[in-house]
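Reproduced below: entry.csv, with CSV, C-alpha atoms.
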```
chain,number,residue,atom,x,y,z
A,1,MET,CA,-1.1,-56.8,18.9
A,2,SER,CA,1.2,-57.0,15.8
A,3,LEU,CA,4.9,-57.8,16.2
A,4,SER,CA,6.0,-54.4,14.9
A,5,LEU,CA,3.8,-52.5,17.3
A,6,PHE,CA,4.9,-54.7,20.2
A,7,ILE,CA,8.6,-54.2,19.5
A,8,ALA,CA,8.1,-50.4,19.0
A,9,ARG,CA,6.4,-50.1,22.3
A,10,ARG,CA,9.3,-51.9,24.0
A,11,LEU,CA,11.7,-49.6,22.3
A,12,TYR,CA,9.7,-46.5,23.3
A,13,ARG,CA,9.6,-47.5,26.9
A,14,ASP,CA,13.3,-48.2,26.9
A,15,SER,CA,14.2,-45.0,25.1
A,16,ASP,CA,14.3,-42.8,28.2
A,17,GLY,CA,16.7,-44.9,30.1
A,18,GLY,CA,18.4,-46.7,27.2
A,19,LYS,CA,21.2,-45.9,24.9
A,20,LYS,CA,23.3,-42.8,25.6
A,21,VAL,CA,23.2,-41.5,22.0
A,22,SER,CA,19.5,-42.1,21.5
A,23,ARG,CA,18.3,-40.3,24.6
A,24,PRO,CA,19.3,-36.8,23.4
A,25,ALA,CA,18.2,-37.7,19.9
A,26,VAL,CA,14.7,-38.7,21.1
A,27,LEU,CA,14.5,-35.6,23.4
A,28,ILE,CA,15.5,-33.2,20.6
A,29,ALA,CA,13.0,-34.8,18.2
A,30,MET,CA,10.2,-34.4,20.7
A,31,ILE,CA,11.2,-30.8,21.5
A,32,GLY,CA,11.2,-30.0,17.8
A,33,ILE,CA,7.7,-31.4,17.4
A,34,ALA,CA,6.4,-29.7,20.5
A,35,ILE,CA,7.8,-26.3,19.6
A,36,GLY,CA,6.7,-26.5,16.0
A,37,LEU,CA,3.1,-27.5,16.9
A,38,ALA,CA,2.9,-24.9,19.6
A,39,VAL,CA,4.0,-22.1,17.2
A,40,MET,CA,1.4,-23.3,14.6
A,41,ILE,CA,-1.4,-23.3,17.2
A,42,ILE,CA,-0.4,-19.8,18.5
A,43,THR,CA,0.0,-18.4,15.0
A,44,VAL,CA,-3.4,-19.6,13.8
A,45,SER,CA,-5.2,-18.5,17.0
A,46,VAL,CA,-3.6,-15.0,16.8
A,47,VAL,CA,-4.3,-14.5,13.1
A,48,ILE,CA,-7.9,-15.6,13.5
A,49,GLY,CA,-8.4,-13.5,16.6
A,50,PHE,CA,-6.8,-10.4,14.9
A,51,LYS,CA,-8.9,-10.8,11.8
A,52,GLN,CA,-12.1,-11.2,13.9
A,53,GLU,CA,-11.3,-8.1,16.0
A,54,VAL,CA,-10.6,-5.9,13.1
A,55,ARG,CA,-13.6,-7.2,11.1
A,56,ASN,CA,-15.9,-6.7,14.2
A,57,LYS,CA,-14.7,-3.1,14.5
A,58,VAL,CA,-15.3,-2.3,10.9
A,59,THR,CA,-18.8,-3.9,11.0
A,60,GLY,CA,-19.5,-2.3,14.3
A,61,PHE,CA,-19.4,1.1,12.6
A,62,GLY,CA,-21.1,0.0,9.3
A,63,SER,CA,-22.8,-3.4,9.8
A,64,ASP,CA,-22.4,-6.3,7.4
A,65,ILE,CA,-24.4,-4.9,4.5
A,66,GLN,CA,-25.6,-1.4,3.6
A,67,ILE,CA,-28.4,-0.3,1.3
A,68,THR,CA,-27.8,3.2,0.1
A,69,ASN,CA,-28.6,5.5,-2.8
A,70,PHE,CA,-26.7,4.6,-5.9
A,71,ASP,CA,-25.9,8.2,-6.6
A,72,GLY,CA,-24.4,8.8,-3.2
A,73,VAL,CA,-21.9,6.0,-2.9
A,74,ARG,CA,-18.7,6.7,-1.0
A,75,SER,CA,-19.8,10.1,0.2
A,76,TYR,CA,-20.8,11.1,3.7
A,77,GLU,CA,-22.8,14.0,2.2
A,78,THR,CA,-25.4,11.3,1.2
A,79,ILE,CA,-28.3,11.4,-1.1
A,80,PRO,CA,-31.4,9.9,0.6
A,81,ILE,CA,-33.5,6.8,0.0
A,82,VAL,CA,-36.8,5.8,1.5
A,83,VAL,CA,-36.5,3.1,4.2
A,84,ASN,CA,-39.9,2.7,5.6
A,85,ASP,CA,-41.6,0.0,7.8
A,86,SER,CA,-42.7,-2.0,4.9
A,87,MET,CA,-39.2,-2.2,3.5
A,88,ILE,CA,-37.7,-3.2,6.9
A,89,LYS,CA,-40.3,-5.9,7.2
A,90,ALA,CA,-39.4,-7.2,3.8
A,91,LEU,CA,-35.7,-7.3,4.7
A,92,TYR,CA,-36.5,-9.3,7.8
A,93,HIS,CA,-38.2,-11.9,5.6
A,94,TYR,CA,-34.7,-13.0,4.5
A,95,PRO,CA,-33.6,-15.8,6.9
A,96,GLU,CA,-30.0,-14.6,6.7
A,97,VAL,CA,-30.9,-11.2,8.2
A,98,LYS,CA,-30.4,-10.8,11.9
A,99,HIS,CA,-31.0,-7.1,12.4
A,100,VAL,CA,-32.0,-4.0,10.3
A,101,GLN,CA,-31.4,-0.4,11.3
A,102,ARG,CA,-31.7,3.0,9.6
A,103,TYR,CA,-29.0,5.6,9.7
A,104,SER,CA,-28.3,9.1,8.3
A,105,THR,CA,-25.1,11.1,8.1
A,106,LYS,CA,-24.1,14.7,7.9
A,107,PRO,CA,-20.5,16.0,7.7
A,108,GLY,CA,-19.7,19.0,9.8
A,109,ILE,CA,-17.2,20.6,12.2
A,110,VAL,CA,-16.9,20.5,16.0
A,111,LYS,CA,-15.3,23.8,17.2
A,112,THR,CA,-14.1,24.9,20.6
A,113,ASP,CA,-12.2,28.0,21.7
A,114,ASP,CA,-8.9,26.3,21.1
A,115,ALA,CA,-9.3,23.8,18.3
A,116,PHE,CA,-11.7,22.3,15.7
A,117,GLN,CA,-12.3,18.8,14.2
A,118,GLY,CA,-14.0,17.7,11.1
A,119,VAL,CA,-16.5,15.0,11.9
A,120,VAL,CA,-19.4,13.0,10.5
A,121,LEU,CA,-22.6,13.2,12.6
A,122,LYS,CA,-24.3,9.8,12.3
A,123,GLY,CA,-27.9,9.7,13.3
A,124,VAL,CA,-29.5,6.4,14.3
A,125,GLY,CA,-33.0,5.5,15.4
A,126,PRO,CA,-34.5,3.6,18.4
A,127,GLU,CA,-33.9,0.3,16.7
A,128,PHE,CA,-30.1,0.9,16.7
A,129,ASP,CA,-28.1,-2.0,18.1
A,130,ASN,CA,-25.7,-0.3,20.5
A,131,SER,CA,-23.9,-3.5,21.7
A,132,PHE,CA,-20.7,-2.6,19.9
A,133,PHE,CA,-20.5,0.9,21.3
A,134,GLN,CA,-21.6,-0.4,24.8
A,135,GLN,CA,-18.6,-2.7,24.6
A,136,HIS,CA,-16.2,0.2,23.9
A,137,LEU,CA,-17.8,2.8,26.2
A,138,VAL,CA,-15.3,4.6,28.3
A,139,GLU,CA,-17.4,7.1,30.2
A,140,GLY,CA,-21.1,8.0,30.6
A,141,ALA,CA,-23.9,6.3,28.8
A,142,ILE,CA,-25.2,5.8,25.3
A,143,PRO,CA,-28.1,8.2,24.6
A,144,GLN,CA,-31.6,7.0,23.9
A,145,PHE,CA,-31.8,7.7,20.2
A,146,SER,CA,-35.1,8.9,18.7
A,147,ASP,CA,-36.7,9.3,15.3
A,148,THR,CA,-39.5,11.6,16.4
A,149,ALA,CA,-37.7,14.3,18.5
A,150,SER,CA,-34.3,15.8,19.0
A,151,THR,CA,-32.5,14.9,22.2
A,152,ASN,CA,-29.5,17.1,21.5
A,153,LYS,CA,-27.3,14.4,23.1
A,154,VAL,CA,-24.2,12.9,21.4
A,155,LEU,CA,-21.8,10.0,21.8
A,156,ILE,CA,-18.3,11.2,21.0
A,157,SER,CA,-15.0,9.3,20.7
A,158,LYS,CA,-12.2,9.7,23.2
A,159,PRO,CA,-9.6,10.8,20.6
A,160,ILE,CA,-11.9,13.7,19.5
A,161,ALA,CA,-12.6,14.5,23.2
A,162,ASP,CA,-8.9,14.6,24.0
A,163,LYS,CA,-8.0,16.7,21.0
A,164,LEU,CA,-10.7,19.3,21.7
A,165,LYS,CA,-10.2,19.0,25.5
A,166,LEU,CA,-13.8,18.0,26.1
A,167,LYS,CA,-15.3,15.9,28.9
A,168,LEU,CA,-18.5,14.2,29.8
A,169,GLY,CA,-21.4,16.6,30.1
A,170,ASP,CA,-19.8,19.4,28.1
A,171,ARG,CA,-21.9,21.4,25.7
A,172,ILE,CA,-20.4,21.5,22.2
A,173,LEU,CA,-21.2,23.4,19.0
A,174,THR,CA,-21.4,21.6,15.7
A,175,TYR,CA,-21.3,23.5,12.5
A,176,PHE,CA,-22.9,22.4,9.2
A,177,ILE,CA,-22.4,24.2,5.9
A,178,GLN,CA,-25.2,24.2,3.4
A,179,ASP,CA,-26.7,27.3,1.7
A,180,ASN,CA,-25.6,28.9,5.0
A,181,VAL,CA,-23.8,27.8,8.1
A,182,ARG,CA,-26.1,26.0,10.6
A,183,VAL,CA,-25.1,25.6,14.2
A,184,ARG,CA,-26.4,22.8,16.5
A,185,PRO,CA,-25.5,22.7,20.2
A,186,MET,CA,-25.2,19.3,21.7
A,187,THR,CA,-24.3,17.7,25.1
A,188,ILE,CA,-21.8,14.9,25.5
A,189,GLU,CA,-23.7,12.0,27.0
A,190,GLY,CA,-21.0,9.3,26.5
A,191,ILE,CA,-17.4,8.8,25.3
A,192,TYR,CA,-16.3,5.7,23.5
A,193,GLN,CA,-13.0,4.4,22.2
A,194,THR,CA,-12.5,1.5,19.8
A,195,ASN,CA,-8.8,2.1,18.9
A,196,PHE,CA,-9.9,2.0,15.3
A,197,THR,CA,-8.4,5.4,14.6
A,198,GLU,CA,-9.8,5.9,11.1
A,199,TYR,CA,-13.4,5.9,12.5
A,200,ASP,CA,-12.7,7.1,16.1
A,201,ASN,CA,-11.5,10.4,14.7
A,202,LEU,CA,-14.6,10.7,12.5
A,203,PHE,CA,-17.9,9.6,13.9
A,204,LEU,CA,-20.3,11.3,16.4
A,205,LEU,CA,-23.6,9.5,17.2
A,206,THR,CA,-26.9,11.2,17.8
A,207,ASP,CA,-30.5,10.6,17.0
A,208,ILE,CA,-31.6,10.2,13.4
A,209,TYR,CA,-34.3,12.9,13.7
A,210,THR,CA,-31.6,15.6,14.2
A,211,VAL,CA,-29.6,14.6,11.2
A,212,ASN,CA,-32.6,14.3,8.9
A,213,ARG,CA,-33.7,17.8,9.9
A,214,LEU,CA,-30.2,19.1,9.1
A,215,ASN,CA,-30.4,17.5,5.7
A,216,ASN,CA,-34.0,18.9,5.1
A,217,TRP,CA,-35.2,15.4,4.1
A,218,GLU,CA,-38.8,14.2,3.7
A,219,ALA,CA,-40.5,11.7,6.1
A,220,GLY,CA,-39.1,8.2,5.6
A,221,GLN,CA,-35.9,9.4,3.9
A,222,VAL,CA,-32.5,8.3,5.4
A,223,SER,CA,-29.0,7.8,4.2
A,224,GLY,CA,-29.5,4.0,4.2
A,225,ALA,CA,-30.2,0.8,6.0
A,226,GLU,CA,-27.6,-1.4,7.8
A,227,LEU,CA,-28.1,-5.1,7.9
A,228,GLN,CA,-26.5,-7.6,10.3
A,229,LEU,CA,-26.4,-11.2,9.3
A,230,HIS,CA,-26.7,-14.3,11.4
A,231,ASP,CA,-23.6,-15.9,9.7
A,232,TYR,CA,-20.9,-13.7,8.3
A,233,ASN,CA,-19.7,-16.6,6.1
A,234,GLN,CA,-22.9,-16.0,4.0
A,235,LEU,CA,-21.9,-12.4,3.3
A,236,GLU,CA,-20.9,-12.7,-0.3
A,237,ASP,CA,-23.7,-15.0,-1.4
A,238,PHE,CA,-26.4,-13.0,0.4
A,239,THR,CA,-25.0,-9.7,-1.0
A,240,TYR,CA,-25.5,-11.0,-4.6
A,241,GLN,CA,-29.0,-12.3,-3.7
A,242,LEU,CA,-30.1,-9.1,-2.1
A,243,ALA,CA,-28.6,-7.0,-4.9
A,244,ASP,CA,-30.5,-9.0,-7.5
A,245,ASP,CA,-33.8,-8.2,-5.6
A,246,THR,CA,-33.0,-4.6,-4.7
A,247,ASP,CA,-30.5,-2.9,-7.0
A,248,LYS,CA,-31.8,-0.4,-9.5
A,249,LYS,CA,-35.3,-0.2,-7.9
A,250,VAL,CA,-36.5,3.4,-7.4
A,251,ASP,CA,-38.3,4.8,-4.3
A,252,GLU,CA,-41.1,7.3,-4.4
A,253,TYR,CA,-38.8,10.3,-4.6
A,254,GLY,CA,-36.6,8.9,-7.4
A,255,GLY,CA,-33.8,7.5,-5.2
A,256,THR,CA,-32.1,4.3,-6.6
A,257,TYR,CA,-31.3,1.5,-4.2
A,258,TYR,CA,-27.8,0.1,-4.1
A,259,VAL,CA,-26.5,-2.8,-2.1
A,260,GLN,CA,-22.9,-3.1,-0.8
A,261,ASN,CA,-21.3,-5.3,1.8
A,262,ILE,CA,-18.6,-4.2,4.3
A,263,GLU,CA,-15.8,-5.8,2.3
A,264,GLU,CA,-16.7,-3.9,-0.9
A,265,MET,CA,-16.8,-0.6,1.1
A,266,ASN,CA,-13.5,-1.2,2.8
A,267,PRO,CA,-11.4,-3.2,0.2
A,268,GLN,CA,-8.0,-1.9,1.5
A,269,ILE,CA,-8.7,-3.2,5.0
A,270,PHE,CA,-9.9,-6.7,4.0
A,271,GLU,CA,-7.2,-7.1,1.3
A,272,TRP,CA,-4.7,-6.4,4.1
A,273,LEU,CA,-6.4,-9.0,6.3
A,274,ALA,CA,-6.3,-11.5,3.4
A,275,LEU,CA,-2.5,-11.1,3.2
A,276,LEU,CA,-2.2,-12.5,6.7
A,277,ASP,CA,-3.4,-15.9,5.4
A,278,LEU,CA,-0.3,-16.1,3.3
A,279,ASN,CA,1.9,-15.4,6.3
A,280,VAL,CA,0.1,-18.2,8.2
A,281,TRP,CA,0.8,-20.7,5.4
A,282,VAL,CA,4.4,-19.8,5.3
A,283,ILE,CA,4.8,-20.3,9.1
A,284,LEU,CA,2.9,-23.6,9.0
A,285,ILE,CA,5.0,-25.0,6.2
A,286,LEU,CA,8.3,-23.9,7.9
A,287,MET,CA,7.2,-25.3,11.3
A,288,VAL,CA,6.1,-28.6,9.8
A,289,GLY,CA,9.4,-28.8,7.9
A,290,VAL,CA,11.5,-28.1,10.9
A,291,ALA,CA,9.6,-30.6,13.0
A,292,GLY,CA,9.8,-33.2,10.3
A,293,PHE,CA,13.5,-32.8,9.6
A,294,THR,CA,14.2,-32.9,13.4
A,295,MET,CA,12.3,-36.1,13.6
A,296,ILE,CA,14.2,-37.5,10.6
A,297,SER,CA,17.6,-36.9,12.2
A,298,GLY,CA,16.4,-38.5,15.4
A,299,LEU,CA,15.1,-41.6,13.6
A,300,LEU,CA,18.3,-42.0,11.6
A,301,ILE,CA,20.4,-41.9,14.8
A,302,ILE,CA,18.1,-44.5,16.5
A,303,ILE,CA,18.3,-46.8,13.4
A,304,ILE,CA,22.1,-46.6,13.3
A,305,GLU,CA,22.3,-47.2,17.0
A,306,ARG,CA,19.9,-50.2,16.8
A,307,THR,CA,21.7,-51.7,13.8
A,308,ASN,CA,22.6,-54.8,15.8
A,309,MET,CA,18.9,-55.3,16.8
A,310,ILE,CA,17.9,-54.9,13.1
A,311,GLY,CA,20.4,-57.6,12.1
A,312,ILE,CA,19.1,-60.0,14.8
A,313,LEU,CA,15.5,-59.5,13.6
A,314,LYS,CA,16.5,-60.2,10.0
A,315,ALA,CA,18.4,-63.3,11.1
A,316,LEU,CA,15.2,-64.5,12.9
A,317,GLY,CA,13.2,-64.1,9.7
A,318,ALA,CA,11.7,-60.6,9.9
A,319,ASN,CA,11.4,-58.9,6.5
A,320,ASN,CA,12.4,-55.3,5.8
A,321,PHE,CA,8.7,-54.1,5.8
A,322,THR,CA,8.1,-55.5,9.3
A,323,ILE,CA,11.3,-53.9,10.7
A,324,ARG,CA,10.5,-50.6,9.0
A,325,LYS,CA,7.1,-50.6,10.6
A,326,VAL,CA,8.8,-51.1,14.0
A,327,PHE,CA,10.6,-47.8,13.6
A,328,LEU,CA,7.7,-46.0,12.1
A,329,TRP,CA,5.5,-47.0,15.0
A,330,PHE,CA,8.3,-45.9,17.4
A,331,ALA,CA,8.4,-42.5,15.6
A,332,VAL,CA,4.6,-42.2,15.9
A,333,PHE,CA,4.9,-42.6,19.7
A,334,LEU,CA,7.6,-39.9,19.8
A,335,ILE,CA,5.6,-37.6,17.6
A,336,GLY,CA,2.5,-38.2,19.8
A,337,LYS,CA,4.4,-37.3,22.9
A,338,GLY,CA,5.9,-34.2,21.3
A,339,MET,CA,2.4,-33.1,20.0
A,340,LEU,CA,1.0,-33.6,23.5
A,341,TRP,CA,3.4,-31.0,24.9
A,342,GLY,CA,3.0,-28.8,21.9
A,343,ASN,CA,-0.8,-28.7,22.5
A,344,VAL,CA,-0.2,-28.0,26.2
A,345,LEU,CA,2.0,-25.0,25.3
A,346,GLY,CA,-0.2,-23.7,22.6
A,347,LEU,CA,-3.4,-23.9,24.6
A,348,ALA,CA,-1.7,-22.5,27.7
A,349,PHE,CA,-0.7,-19.4,25.7
A,350,TYR,CA,-4.3,-19.1,24.3
A,351,PHE,CA,-6.0,-19.3,27.8
A,352,ILE,CA,-3.4,-17.0,29.5
A,353,GLN,CA,-3.6,-14.3,26.7
A,354,SER,CA,-7.4,-14.5,26.4
A,355,GLN,CA,-7.8,-14.0,30.2
A,356,PHE,CA,-5.0,-11.6,31.1
A,357,GLN,CA,-3.9,-9.9,27.8
A,358,LEU,CA,-0.2,-10.1,28.8
A,359,PHE,CA,1.1,-9.2,25.3
A,360,LYS,CA,0.2,-5.7,24.2
A,361,LEU,CA,0.1,-4.0,20.9
A,362,ASP,CA,0.3,-0.4,19.7
A,363,PRO,CA,-3.4,0.5,18.9
A,364,GLU,CA,-2.2,3.3,16.5
A,365,SER,CA,-0.7,0.7,14.2
A,366,TYR,CA,-2.8,-2.4,14.9
A,367,TYR,CA,-6.2,-1.0,15.9
A,368,ILE,CA,-6.2,-3.1,19.1
A,369,ASP,CA,-4.3,-2.7,22.3
A,370,SER,CA,-3.4,-6.4,23.0
A,371,VAL,CA,-2.7,-9.5,21.0
A,372,PRO,CA,-6.1,-11.1,20.2
A,373,VAL,CA,-6.6,-14.9,20.2
A,374,SER,CA,-9.4,-17.1,19.0
A,375,LEU,CA,-9.5,-20.9,19.1
A,376,ASN,CA,-11.1,-22.5,16.1
A,377,VAL,CA,-11.7,-26.2,17.1
A,378,LEU,CA,-11.7,-27.4,13.5
A,379,TYR,CA,-8.4,-25.7,12.6
A,380,PHE,CA,-7.0,-27.0,15.9
A,381,VAL,CA,-7.8,-30.6,15.0
A,382,LEU,CA,-6.6,-30.2,11.4
A,383,ILE,CA,-3.3,-28.8,12.5
A,384,ASN,CA,-2.8,-31.8,14.8
A,385,LEU,CA,-3.8,-34.3,12.1
A,386,ALA,CA,-1.6,-32.5,9.4
A,387,THR,CA,1.4,-32.4,11.7
A,388,LEU,CA,1.1,-36.1,12.5
A,389,THR,CA,0.5,-37.2,8.9
A,390,VAL,CA,3.2,-35.0,7.3
A,391,SER,CA,5.8,-36.0,10.0
A,392,VAL,CA,5.1,-39.7,9.5
A,393,LEU,CA,5.2,-39.4,5.7
A,394,MET,CA,8.5,-37.6,5.9
A,395,LEU,CA,10.0,-40.6,7.8
A,396,ILE,CA,9.0,-43.2,5.2
A,397,GLY,CA,12.0,-42.4,3.0
A,398,PRO,CA,14.7,-42.5,5.8
A,399,SER,CA,13.2,-45.8,7.0
A,400,PHE,CA,14.5,-47.5,3.8
A,401,LEU,CA,17.9,-47.3,5.4
A,402,ILE,CA,16.9,-50.5,7.2
A,403,THR,CA,16.9,-52.4,3.8
A,404,LYS,CA,20.6,-51.7,3.4
A,405,ILE,CA,21.6,-53.3,6.7
A,406,ASN,CA,23.1,-56.8,6.3
A,407,PRO,CA,22.5,-59.2,9.2
A,408,ALA,CA,26.0,-60.8,9.0
A,409,THR,CA,27.7,-57.4,9.0
A,410,SER,CA,25.6,-55.9,11.7
A,411,MET,CA,26.0,-58.9,14.1
A,412,LYS,CA,29.7,-59.4,13.4
A,413,TYR,CA,31.0,-57.6,16.5
A,414,GLU,CA,28.2,-58.4,19.0
```
For the file at hand, write its structure as C-alpha cells.
Amino acid sequence: MSLSLFIARRLYRDSDGGKKVSRPAVLIAMIGIAIGLAVMIITVSVVIGFKQEVRNKVTGFGSDIQITNFDGVRSYETIPIVVNDSMIKALYHYPEVKHVQRYSTKPGIVKTDDAFQGVVLKGVGPEFDNSFFQQHLVEGAIPQFSDTASTNKVLISKPIADKLKLKLGDRILTYFIQDNVRVRPMTIEGIYQTNFTEYDNLFLLTDIYTVNRLNNWEAGQVSGAELQLHDYNQLEDFTYQLADDTDKKVDEYGGTYYVQNIEEMNPQIFEWLALLDLNVWVILILMVGVAGFTMISGLLIIIIERTNMIGILKALGANNFTIRKVFLWFAVFLIGKGMLWGNVLGLAFYFIQSQFQLFKLDPESYYIDSVPVSLNVLYFVLINLATLTVSVLMLIGPSFLITKINPATSMKYE
C-alpha cells in the first residue's frame, strides 16, 4: 500500500470522531454527493420511463413502421394497396421484422339519442397483435377479429363510452358517408383506456372484413401493413432500407407503396420527447456541479484544519505531490460513501415507484396516470463513473493549496 493511500485511510477513519470543524464539513460534502447522485438517477430513470411509455402508446396504435398508399398519406379516408400473403412472407424475410399485420380504416360517426362522436373505425385481421389493447383493457374482452366474415363486434375506448353514455354489451349505430349514408350496427365487446387522449377519442376496433366492405375494396386491398421490429433502435436504418426496396412500386390495381416510420408520422410527439433530453443534461450538469463544489468546500476546510499535519509531512521529506495524493484519496473515500447513499436513495425511489406508483400524474396532460420509471443499467453505471471522475477532477485545483503551506509556519504554534 502506498504512503498516500495509507495516510488517507487513517484520516478517513478518524474523520467521524476527529476534528470538530471537519466533521460537519465531511458530512455536508457526503450529503451533497448523495443528493446529487440520487437526483441524477431519479431524473434519468423517470425521463427514460416516460419516453418509453409514450412511445409504446404511439406504436401500440400504429406499430413501428407502416406501408401505405403514397396518394393516401395522412388521411384516415385511405386509398388502398394490396397486401397479400406473398408480400407478408417477403416482409418476414427481413431479420429486423418481428410481426406484420394488415389494417383498414374508415372515418365515421357514432350516434346515440343524446350525443354523437366522430371516430375512425379501424379494421384488423386474425393476425392482429392485441397485447397492447389487452394491457389497457378496462372491461369485457377483445373481439376475435376476422378477415372472412363480419362479427359486428367492436372494441371502444372508455372516453368515447363515457361521453356517449355507453356500456359493455350496448348496441351502437355507426354512420359512414359515401355516395349515401351507410349505417352499421355493432355491439360493444370490450372497453379500453390508454390515457392517450388523442387516440382514445378516435379509434374503434373491429374486423378488417367489415371495414373493407364499407370501403368497397377488392380482395387483398387494405389501408396498409403495420410492422413491429425486434429492436426499436434499428427503426431509422431499417426504414431507409425498406423504403429503398418498396417505395414507388405499384400493385396490381395501380396503388403506389410508401414506407413511413412512427416518428415520421408523429413528428410533434417525438420532437417533444427529444426536448426532454436537453432537460436531463441541464439537471445532470447542475447536480454534478453542486456536488463537486460542495466537495471542494469540504476539502478546503479539511486541508486548512490539517495544516499542521501537512507541515510535519513536509518536514519529514514528503513532497507536495505525495501530500496532494493523500487528500485526493481521502476525497475519493468521501465521494464513494456519498455515492453509496445516493445509489441507495435513487434505487429505492425506482423500486418503490415501479411497484406502488405512489406519485401520480394528470393523464390529460401527460398521457399516463403515474410517474413512469425505467432503469437502464448502462446509464446507471455511466452516471456513477461520471460523478466520481468529475468530482475528483474538480478537486485537483484546490489541492494545489497544499503547495503554499510552509512547514516552518504551519508547525510554529504546535
Query raised in the report: Leaving out range 254-260 of chain A and any residue of its chain fewer than 2 positions from it, which residues lie within 7 Å of it when counting all atoms listed in the file, given as a PyMOL selection string?
Result: chain A and resi 65-70+80-81+239+243+246-252+262+264-265
Query raised in the report: Do you know which residues lie at most 7 Å from (7.7, -33.9, 19.2), with coordinates as in the file and only C-alpha atoms counted, and could you write them as number ranges by chain?
Result: A: 29-34, 334-339
Produce a file of the selected residues containing C-alpha atoms, as an mmCIF file, in the frame of the given file.
```
data_model
loop_
_atom_site.group_PDB
_atom_site.id
_atom_site.type_symbol
_atom_site.label_atom_id
_atom_site.label_comp_id
_atom_site.auth_asym_id
_atom_site.auth_seq_id
_atom_site.Cartn_x
_atom_site.Cartn_y
_atom_site.Cartn_z
ATOM 1 C CA ALA A 29 13.000 -34.800 18.200
ATOM 2 C CA MET A 30 10.200 -34.400 20.700
ATOM 3 C CA ILE A 31 11.200 -30.800 21.500
ATOM 4 C CA GLY A 32 11.200 -30.000 17.800
ATOM 5 C CA ILE A 33 7.700 -31.400 17.400
ATOM 6 C CA ALA A 34 6.400 -29.700 20.500
ATOM 7 C CA LEU A 334 7.600 -39.900 19.800
ATOM 8 C CA ILE A 335 5.600 -37.600 17.600
ATOM 9 C CA GLY A 336 2.500 -38.200 19.800
ATOM 10 C CA LYS A 337 4.400 -37.300 22.900
ATOM 11 C CA GLY A 338 5.900 -34.200 21.300
ATOM 12 C CA MET A 339 2.400 -33.100 20.000
#
```
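Our summary of the geometry notes that CA of Val82 in chain A is positioned 6.3 Å from CA of Val222 in chain A.
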Query raised in the report: Leaving out range 347-364 of chain A and any residue of its chain fewer than 6 positions from it, which residues lie within 12 Å of it when counting only C-alpha atoms, given as a ChimeraX atom specification?
Result: /A:37-46,48-50,54,159,193-198,200-201,339-341,370-377,380
Requested in this report: Could you check how far CA of Ala318 in chain A sits from CA of Pro24 in chain A, in Å to one decimal?
Outcome: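 So the two atoms, CA of Ala318 in chain A and CA of Pro24 in chain A, lie 28.4 Å apart.
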Query raised in the report: What does the distance from CA of Ile79 in chain A to CA of Gln178 in chain A come to in Å, to one decimal?
Result: 13.9 Å
**Report entry** Among listed residues A:Ile191, A:Ala386, A:Ala225, A:Gly169, nearest Met87 in chain A (using all atoms listed in the file)
**Finding:** A:Ala225
Query - Minimum-distance residue to Ile296 in chain A, chosen among A:Leu393, A:Leu164, A:Val282, A:Ile312 (using all atoms listed in the file) - result: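 Among the listed residues, the smallest separation from Ile296 in chain A belongs to A:Leu393.
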Requested in this report: Choose the residue, out of A:Arg13, A:Lys404, A:Lys153, A:His99, that has the smallest atom-to-atom separation from Asp231 in chain A; count only C-alpha atoms.
Outcome: A:His99
Report summary line: Counting only C-alpha atoms, the residue among A:Glu218, A:Glu305, A:Glu77, A:Asp207 that lies closest to Ile177 in chain A is A:Glu77
Report summary line: Of A:Val344, A:Met309, A:Leu284, A:Ile368, the one nearest to Gly36 in chain A when counting all atoms listed in the file is A:Leu284
**Report entry** Nearest-residue call for Tyr199 in chain A, choices A:Ala315, A:Ile402, A:Val119, A:Val332, using all atoms listed in the file
**Finding:** A:Val119
Query - Long-range neighbours of Phe327 in chain A as number ranges by chain, 12 Å cut-off, only C-alpha atoms, 6 positions minimum in chain - result: A: 3-12, 295-296, 298-304, 306-307, 309-310, 320-321, 333-334, 392, 395-402
Preceding selection exported with C-alpha atoms as an mmCIF file, in the frame of the given file:
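Listed below is the output, result.cif:
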```
data_model
loop_
_atom_site.group_PDB
_atom_site.id
_atom_site.type_symbol
_atom_site.label_atom_id
_atom_site.label_comp_id
_atom_site.auth_asym_id
_atom_site.auth_seq_id
_atom_site.Cartn_x
_atom_site.Cartn_y
_atom_site.Cartn_z
ATOM 1 C CA LEU A 3 4.900 -57.800 16.200
ATOM 2 C CA SER A 4 6.000 -54.400 14.900
ATOM 3 C CA LEU A 5 3.800 -52.500 17.300
ATOM 4 C CA PHE A 6 4.900 -54.700 20.200
ATOM 5 C CA ILE A 7 8.600 -54.200 19.500
ATOM 6 C CA ALA A 8 8.100 -50.400 19.000
ATOM 7 C CA ARG A 9 6.400 -50.100 22.300
ATOM 8 C CA ARG A 10 9.300 -51.900 24.000
ATOM 9 C CA LEU A 11 11.700 -49.600 22.300
ATOM 10 C CA TYR A 12 9.700 -46.500 23.300
ATOM 11 C CA MET A 295 12.300 -36.100 13.600
ATOM 12 C CA ILE A 296 14.200 -37.500 10.600
ATOM 13 C CA GLY A 298 16.400 -38.500 15.400
ATOM 14 C CA LEU A 299 15.100 -41.600 13.600
ATOM 15 C CA LEU A 300 18.300 -42.000 11.600
ATOM 16 C CA ILE A 301 20.400 -41.900 14.800
ATOM 17 C CA ILE A 302 18.100 -44.500 16.500
ATOM 18 C CA ILE A 303 18.300 -46.800 13.400
ATOM 19 C CA ILE A 304 22.100 -46.600 13.300
ATOM 20 C CA ARG A 306 19.900 -50.200 16.800
ATOM 21 C CA THR A 307 21.700 -51.700 13.800
ATOM 22 C CA MET A 309 18.900 -55.300 16.800
ATOM 23 C CA ILE A 310 17.900 -54.900 13.100
ATOM 24 C CA ASN A 320 12.400 -55.300 5.800
ATOM 25 C CA PHE A 321 8.700 -54.100 5.800
ATOM 26 C CA PHE A 333 4.900 -42.600 19.700
ATOM 27 C CA LEU A 334 7.600 -39.900 19.800
ATOM 28 C CA VAL A 392 5.100 -39.700 9.500
ATOM 29 C CA LEU A 395 10.000 -40.600 7.800
ATOM 30 C CA ILE A 396 9.000 -43.200 5.200
ATOM 31 C CA GLY A 397 12.000 -42.400 3.000
ATOM 32 C CA PRO A 398 14.700 -42.500 5.800
ATOM 33 C CA SER A 399 13.200 -45.800 7.000
ATOM 34 C CA PHE A 400 14.500 -47.500 3.800
ATOM 35 C CA LEU A 401 17.900 -47.300 5.400
ATOM 36 C CA ILE A 402 16.900 -50.500 7.200
#
```
